[in-house]
file work.txt (compact mmCIF, N, CA and C atoms)
# COMPACT_ATOMS: atom_id res chain seq x y z
N MET A 1 -21.38 4.97 -5.94
CA MET A 1 -20.09 4.35 -6.01
C MET A 1 -19.02 5.35 -5.57
N ARG A 2 -18.14 4.93 -4.73
CA ARG A 2 -17.04 5.77 -4.27
C ARG A 2 -15.84 5.51 -5.16
N GLN A 3 -15.25 6.58 -5.65
CA GLN A 3 -14.10 6.41 -6.52
C GLN A 3 -12.86 7.06 -5.93
N ILE A 4 -11.73 6.50 -6.29
CA ILE A 4 -10.43 7.02 -5.90
C ILE A 4 -9.75 7.53 -7.16
N MET A 5 -9.24 8.73 -7.10
CA MET A 5 -8.48 9.28 -8.22
C MET A 5 -7.02 9.39 -7.79
N ILE A 6 -6.14 8.82 -8.61
CA ILE A 6 -4.71 8.87 -8.35
C ILE A 6 -4.10 9.88 -9.33
N VAL A 7 -3.34 10.82 -8.81
CA VAL A 7 -2.67 11.83 -9.63
C VAL A 7 -1.20 11.46 -9.66
N ALA A 8 -0.72 11.00 -10.82
CA ALA A 8 0.66 10.57 -10.94
C ALA A 8 1.14 10.74 -12.37
N SER A 9 2.27 11.38 -12.54
CA SER A 9 2.80 11.59 -13.88
C SER A 9 3.58 10.39 -14.40
N ASP A 10 3.96 9.48 -13.50
CA ASP A 10 4.79 8.35 -13.91
C ASP A 10 4.02 7.04 -13.99
N ILE A 11 2.69 7.10 -13.98
CA ILE A 11 1.83 5.93 -14.14
C ILE A 11 0.93 6.19 -15.33
N ALA A 12 0.79 5.22 -16.19
CA ALA A 12 -0.06 5.40 -17.37
C ALA A 12 -1.51 5.59 -16.93
N PRO A 13 -2.21 6.57 -17.52
CA PRO A 13 -3.62 6.75 -17.19
C PRO A 13 -4.40 5.46 -17.41
N THR A 14 -5.18 5.08 -16.42
CA THR A 14 -5.95 3.84 -16.48
C THR A 14 -7.21 4.00 -15.65
N THR A 15 -8.17 3.12 -15.85
CA THR A 15 -9.41 3.18 -15.11
C THR A 15 -9.83 1.79 -14.70
N THR A 16 -10.26 1.64 -13.45
CA THR A 16 -10.88 0.41 -12.98
C THR A 16 -12.25 0.77 -12.44
N GLU A 17 -12.93 -0.20 -11.87
CA GLU A 17 -14.27 0.05 -11.35
C GLU A 17 -14.28 1.09 -10.23
N HIS A 18 -13.24 1.10 -9.40
CA HIS A 18 -13.24 1.97 -8.23
C HIS A 18 -12.16 3.04 -8.22
N ALA A 19 -11.27 3.01 -9.21
CA ALA A 19 -10.18 3.98 -9.21
C ALA A 19 -9.76 4.31 -10.65
N PHE A 20 -9.16 5.47 -10.78
CA PHE A 20 -8.59 5.84 -12.08
C PHE A 20 -7.40 6.75 -11.85
N VAL A 21 -6.54 6.82 -12.86
CA VAL A 21 -5.30 7.58 -12.78
C VAL A 21 -5.36 8.74 -13.77
N VAL A 22 -4.95 9.91 -13.32
CA VAL A 22 -4.76 11.06 -14.21
C VAL A 22 -3.30 11.49 -14.08
N SER A 23 -2.81 12.22 -15.09
CA SER A 23 -1.38 12.51 -15.10
C SER A 23 -1.00 13.94 -14.73
N THR A 24 -1.98 14.83 -14.53
CA THR A 24 -1.66 16.20 -14.14
C THR A 24 -2.66 16.71 -13.12
N PRO A 25 -2.27 17.69 -12.31
CA PRO A 25 -3.22 18.30 -11.37
C PRO A 25 -4.41 18.94 -12.09
N LEU A 26 -4.18 19.49 -13.28
CA LEU A 26 -5.29 20.09 -14.03
C LEU A 26 -6.31 19.02 -14.43
N ASP A 27 -5.84 17.86 -14.87
CA ASP A 27 -6.76 16.75 -15.17
C ASP A 27 -7.55 16.37 -13.92
N ALA A 28 -6.89 16.39 -12.78
CA ALA A 28 -7.57 16.06 -11.52
C ALA A 28 -8.69 17.05 -11.23
N ILE A 29 -8.41 18.33 -11.42
CA ILE A 29 -9.43 19.35 -11.17
C ILE A 29 -10.62 19.17 -12.11
N VAL A 30 -10.34 18.90 -13.37
CA VAL A 30 -11.43 18.68 -14.34
C VAL A 30 -12.32 17.54 -13.88
N HIS A 31 -11.71 16.44 -13.44
CA HIS A 31 -12.51 15.29 -12.98
C HIS A 31 -13.25 15.60 -11.69
N LEU A 32 -12.63 16.32 -10.78
CA LEU A 32 -13.31 16.67 -9.53
C LEU A 32 -14.51 17.57 -9.79
N GLU A 33 -14.40 18.43 -10.75
CA GLU A 33 -15.52 19.33 -11.08
C GLU A 33 -16.67 18.57 -11.75
N ARG A 34 -16.34 17.54 -12.52
CA ARG A 34 -17.36 16.79 -13.27
C ARG A 34 -17.97 15.63 -12.49
N ARG A 35 -17.17 14.99 -11.67
CA ARG A 35 -17.60 13.75 -11.01
C ARG A 35 -17.79 13.97 -9.53
N GLY A 36 -19.01 13.99 -9.09
CA GLY A 36 -19.29 14.20 -7.68
C GLY A 36 -18.99 13.01 -6.80
N GLN A 37 -18.79 11.84 -7.39
CA GLN A 37 -18.61 10.64 -6.56
C GLN A 37 -17.17 10.37 -6.14
N ILE A 38 -16.23 11.22 -6.53
CA ILE A 38 -14.84 11.03 -6.11
C ILE A 38 -14.74 11.39 -4.63
N ARG A 39 -14.25 10.46 -3.84
CA ARG A 39 -14.15 10.67 -2.40
C ARG A 39 -12.72 10.79 -1.92
N THR A 40 -11.76 10.25 -2.71
CA THR A 40 -10.36 10.27 -2.28
C THR A 40 -9.48 10.61 -3.47
N VAL A 41 -8.52 11.50 -3.23
CA VAL A 41 -7.49 11.82 -4.22
C VAL A 41 -6.16 11.38 -3.60
N VAL A 42 -5.42 10.57 -4.34
CA VAL A 42 -4.10 10.12 -3.89
C VAL A 42 -3.06 10.78 -4.77
N LEU A 43 -2.18 11.56 -4.16
CA LEU A 43 -1.07 12.17 -4.89
C LEU A 43 0.10 11.20 -4.83
N ALA A 44 0.58 10.78 -6.00
CA ALA A 44 1.63 9.77 -6.07
C ALA A 44 2.83 10.31 -6.84
N GLY A 45 3.94 9.60 -6.74
CA GLY A 45 5.14 9.99 -7.46
C GLY A 45 5.63 11.36 -7.04
N THR A 46 5.98 12.19 -8.02
CA THR A 46 6.50 13.52 -7.70
C THR A 46 5.44 14.41 -7.06
N PHE A 47 4.17 14.16 -7.34
CA PHE A 47 3.10 14.96 -6.74
C PHE A 47 2.95 14.69 -5.24
N ALA A 48 3.35 13.53 -4.78
CA ALA A 48 3.23 13.18 -3.36
C ALA A 48 4.10 14.08 -2.49
N ARG A 49 5.18 14.57 -3.03
CA ARG A 49 6.08 15.43 -2.25
C ARG A 49 5.62 16.88 -2.20
N ASN A 50 4.60 17.21 -2.95
CA ASN A 50 4.14 18.59 -3.06
C ASN A 50 3.05 18.87 -2.01
N ARG A 51 3.46 19.35 -0.86
CA ARG A 51 2.51 19.65 0.23
C ARG A 51 1.55 20.77 -0.14
N GLU A 52 2.03 21.73 -0.92
CA GLU A 52 1.17 22.84 -1.34
C GLU A 52 0.02 22.35 -2.22
N LEU A 53 0.32 21.40 -3.10
CA LEU A 53 -0.72 20.82 -3.96
C LEU A 53 -1.76 20.09 -3.12
N ALA A 54 -1.31 19.32 -2.15
CA ALA A 54 -2.23 18.61 -1.26
C ALA A 54 -3.11 19.60 -0.50
N ALA A 55 -2.50 20.67 0.00
CA ALA A 55 -3.27 21.69 0.74
C ALA A 55 -4.27 22.38 -0.17
N CYS A 56 -3.87 22.65 -1.40
CA CYS A 56 -4.76 23.31 -2.36
C CYS A 56 -5.98 22.44 -2.64
N PHE A 57 -5.77 21.15 -2.91
CA PHE A 57 -6.90 20.25 -3.14
C PHE A 57 -7.79 20.18 -1.89
N GLY A 58 -7.18 20.16 -0.72
CA GLY A 58 -7.95 20.12 0.51
C GLY A 58 -8.81 21.35 0.71
N GLU A 59 -8.30 22.50 0.35
CA GLU A 59 -9.08 23.75 0.48
C GLU A 59 -10.16 23.85 -0.58
N MET A 60 -9.83 23.47 -1.81
CA MET A 60 -10.79 23.58 -2.91
C MET A 60 -11.91 22.56 -2.82
N TYR A 61 -11.61 21.38 -2.27
CA TYR A 61 -12.58 20.28 -2.22
C TYR A 61 -12.59 19.69 -0.81
N PRO A 62 -13.20 20.38 0.15
CA PRO A 62 -13.16 19.92 1.54
C PRO A 62 -13.85 18.58 1.78
N SER A 63 -14.74 18.17 0.90
CA SER A 63 -15.43 16.89 1.09
C SER A 63 -14.63 15.70 0.53
N VAL A 64 -13.50 15.98 -0.10
CA VAL A 64 -12.66 14.95 -0.69
C VAL A 64 -11.44 14.74 0.20
N ARG A 65 -11.16 13.49 0.54
CA ARG A 65 -9.98 13.17 1.33
C ARG A 65 -8.76 13.20 0.42
N VAL A 66 -7.70 13.87 0.81
CA VAL A 66 -6.47 13.97 0.02
C VAL A 66 -5.37 13.24 0.77
N GLU A 67 -4.76 12.27 0.10
CA GLU A 67 -3.66 11.52 0.69
C GLU A 67 -2.43 11.66 -0.17
N ARG A 68 -1.28 11.61 0.48
CA ARG A 68 -0.02 11.66 -0.25
C ARG A 68 0.69 10.32 -0.06
N GLU A 69 0.98 9.65 -1.19
CA GLU A 69 1.72 8.40 -1.14
C GLU A 69 3.16 8.73 -0.81
N ILE A 70 3.66 8.15 0.25
CA ILE A 70 5.03 8.46 0.68
C ILE A 70 5.90 7.25 0.56

call {"tool": "encode", "arguments": {"input": "work.txt", "output": "structure tokens"}}
result
Amino acid sequence: MRQIMIVASDIAPTTTEHAFVVSTPLDAIVHLERRGQIRTVVLAGTFARNRELAACFGEMYPSVRVEREI
């Protein structure tokens, strides 16, 4: 199963069959380390404007696609 993880501080943490929301970059890292099936990370809200955070996730997890909601 391919999952999408959304990193957003202004959305309540939630989970569906194919996606879930975390509220901090640290929570995102914890999930990326534990769950090998995450294929896409979407940075939303204030995190979407953080290019350095997107680059960091891209370098740390090259097999995961990182998108910024604009």

call {"tool": "atom_distance", "arguments": {"input": "work.txt", "atom1": "atom C of Pro62 (chain A)", "atom2": "atom C of Leu43 (chain A)"}}
result
17.1 Å

call {"tool": "atom_distance", "arguments": {"input": "work.txt", "atom1": "CA of Asp10 (chain A)", "atom2": "CA of Arg35 (chain A)"}}
result
23.2 Å

call {"tool": "residues_around", "arguments": {"input": "work.txt", "residues": "region 23-31 of chain A", "least_positions_apart": "4", "cutoff": "6 Å", "atoms": "only N, CA and C atoms", "output": "number ranges by chain"}}
result
A: 7-9, 13, 35

call {"tool": "residues_near_point", "arguments": {"input": "work.txt", "point": "(-4.3, 22.6, -2.5)", "cutoff": "12 Å", "atoms": "only C-alpha atoms", "output": "list in words"}}
result
Pro25, Leu26, Ala28, Ile29, Val41, Leu43, Phe47, Asn50, Arg51, Glu52, Leu53, Ala54, Ala55, Cys56, Phe57, Gly58, Glu59, Met60, Tyr61, Pro62, Val64, Arg65, Val66, Glu67 and Arg68 of chain A

call {"tool": "atom_distance", "arguments": {"input": "work.txt", "atom1": "atom C of Val42 (chain A)", "atom2": "atom N of Glu69 (chain A)"}}
result
5.5 Å

call {"tool": "closest_residue", "arguments": {"input": "work.txt", "among": "A:Gln37, A:Ser63, A:Gln3, A:Leu32", "to": "His18 (chain A)", "atoms": "all atoms listed in the file"}}
result
A:Gln3

call {"tool": "residues_near_point", "arguments": {"input": "work.txt", "point": "(-7.1, 4.2, -10.7)", "cutoff": "9 Å", "atoms": "only C-alpha atoms", "output": "PyMOL selection string"}}
result
chain A and resi 3-7+13-22

call {"tool": "select_by_dssp", "arguments": {"input": "work.txt", "residues": "chain A", "states": "alpha helix (DSSP H)", "output": "PDB file with N, CA and C atoms, in the coordinates of the input"}}
result
ATOM      1  N   PRO A  25      -2.270  17.690 -12.310  1.00  0.00           N
ATOM      2  CA  PRO A  25      -3.220  18.300 -11.370  1.00  0.00           C
ATOM      3  C   PRO A  25      -4.410  18.940 -12.090  1.00  0.00           C
ATOM      4  N   LEU A  26      -4.180  19.490 -13.280  1.00  0.00           N
ATOM      5  CA  LEU A  26      -5.290  20.090 -14.030  1.00  0.00           C
ATOM      6  C   LEU A  26      -6.310  19.020 -14.430  1.00  0.00           C
ATOM      7  N   ASP A  27      -5.840  17.860 -14.870  1.00  0.00           N
ATOM      8  CA  ASP A  27      -6.760  16.750 -15.170  1.00  0.00           C
ATOM      9  C   ASP A  27      -7.550  16.370 -13.920  1.00  0.00           C
ATOM     10  N   ALA A  28      -6.890  16.390 -12.780  1.00  0.00           N
ATOM     11  CA  ALA A  28      -7.570  16.060 -11.520  1.00  0.00           C
ATOM     12  C   ALA A  28      -8.690  17.050 -11.230  1.00  0.00           C
ATOM     13  N   ILE A  29      -8.410  18.330 -11.420  1.00  0.00           N
ATOM     14  CA  ILE A  29      -9.430  19.350 -11.170  1.00  0.00           C
ATOM     15  C   ILE A  29     -10.620  19.170 -12.110  1.00  0.00           C
ATOM     16  N   VAL A  30     -10.340  18.900 -13.370  1.00  0.00           N
ATOM     17  CA  VAL A  30     -11.430  18.680 -14.340  1.00  0.00           C
ATOM     18  C   VAL A  30     -12.320  17.540 -13.880  1.00  0.00           C
ATOM     19  N   HIS A  31     -11.710  16.440 -13.440  1.00  0.00           N
ATOM     20  CA  HIS A  31     -12.510  15.290 -12.980  1.00  0.00           C
ATOM     21  C   HIS A  31     -13.250  15.600 -11.690  1.00  0.00           C
ATOM     22  N   LEU A  32     -12.630  16.320 -10.780  1.00  0.00           N
ATOM     23  CA  LEU A  32     -13.310  16.670  -9.530  1.00  0.00           C
ATOM     24  C   LEU A  32     -14.510  17.570  -9.790  1.00  0.00           C
ATOM     25  N   GLU A  33     -14.400  18.430 -10.750  1.00  0.00           N
ATOM     26  CA  GLU A  33     -15.520  19.330 -11.080  1.00  0.00           C
ATOM     27  C   GLU A  33     -16.670  18.570 -11.750  1.00  0.00           C
ATOM     28  N   ARG A  34     -16.340  17.540 -12.520  1.00  0.00           N
ATOM     29  CA  ARG A  34     -17.360  16.790 -13.270  1.00  0.00           C
ATOM     30  C   ARG A  34     -17.970  15.630 -12.490  1.00  0.00           C
ATOM     31  N   ARG A  51       3.460  19.350  -0.860  1.00  0.00           N
ATOM     32  CA  ARG A  51       2.510  19.650   0.230  1.00  0.00           C
ATOM     33  C   ARG A  51       1.550  20.770  -0.140  1.00  0.00           C
ATOM     34  N   GLU A  52       2.030  21.730  -0.920  1.00  0.00           N
ATOM     35  CA  GLU A  52       1.170  22.840  -1.340  1.00  0.00           C
ATOM     36  C   GLU A  52       0.020  22.350  -2.220  1.00  0.00           C
ATOM     37  N   LEU A  53       0.320  21.400  -3.100  1.00  0.00           N
ATOM     38  CA  LEU A  53      -0.720  20.820  -3.960  1.00  0.00           C
ATOM     39  C   LEU A  53      -1.760  20.090  -3.120  1.00  0.00           C
ATOM     40  N   ALA A  54      -1.310  19.320  -2.150  1.00  0.00           N
ATOM     41  CA  ALA A  54      -2.230  18.610  -1.260  1.00  0.00           C
ATOM     42  C   ALA A  54      -3.110  19.600  -0.500  1.00  0.00           C
ATOM     43  N   ALA A  55      -2.500  20.670   0.000  1.00  0.00           N
ATOM     44  CA  ALA A  55      -3.270  21.690   0.740  1.00  0.00           C
ATOM     45  C   ALA A  55      -4.270  22.380  -0.170  1.00  0.00           C
ATOM     46  N   CYS A  56      -3.870  22.650  -1.400  1.00  0.00           N
ATOM     47  CA  CYS A  56      -4.760  23.310  -2.360  1.00  0.00           C
ATOM     48  C   CYS A  56      -5.980  22.440  -2.640  1.00  0.00           C
ATOM     49  N   PHE A  57      -5.770  21.150  -2.910  1.00  0.00           N
ATOM     50  CA  PHE A  57      -6.900  20.250  -3.140  1.00  0.00           C
ATOM     51  C   PHE A  57      -7.790  20.180  -1.890  1.00  0.00           C
ATOM     52  N   GLY A  58      -7.180  20.160  -0.720  1.00  0.00           N
ATOM     53  CA  GLY A  58      -7.950  20.120   0.510  1.00  0.00           C
ATOM     54  C   GLY A  58      -8.810  21.350   0.710  1.00  0.00           C
ATOM     55  N   GLU A  59      -8.300  22.500   0.350  1.00  0.00           N
ATOM     56  CA  GLU A  59      -9.080  23.750   0.480  1.00  0.00           C
ATOM     57  C   GLU A  59     -10.160  23.850  -0.580  1.00  0.00           C
ATOM     58  N   MET A  60      -9.830  23.470  -1.810  1.00  0.00           N
ATOM     59  CA  MET A  60     -10.790  23.580  -2.910  1.00  0.00           C
ATOM     60  C   MET A  60     -11.910  22.560  -2.820  1.00  0.00           C
TER      61      MET A  60
END

call {"tool": "axis_aligned_box", "arguments": {"input": "work.txt", "around": "region 40-57 of chain A", "padding_each_side": "4 Å", "output": "lines of an AutoDock Vina configuration file"}}
result
center_x = -2.6
center_y = 16.5
center_z = -3.6
size_x = 26.3
size_y = 21.7
size_z = 16.8
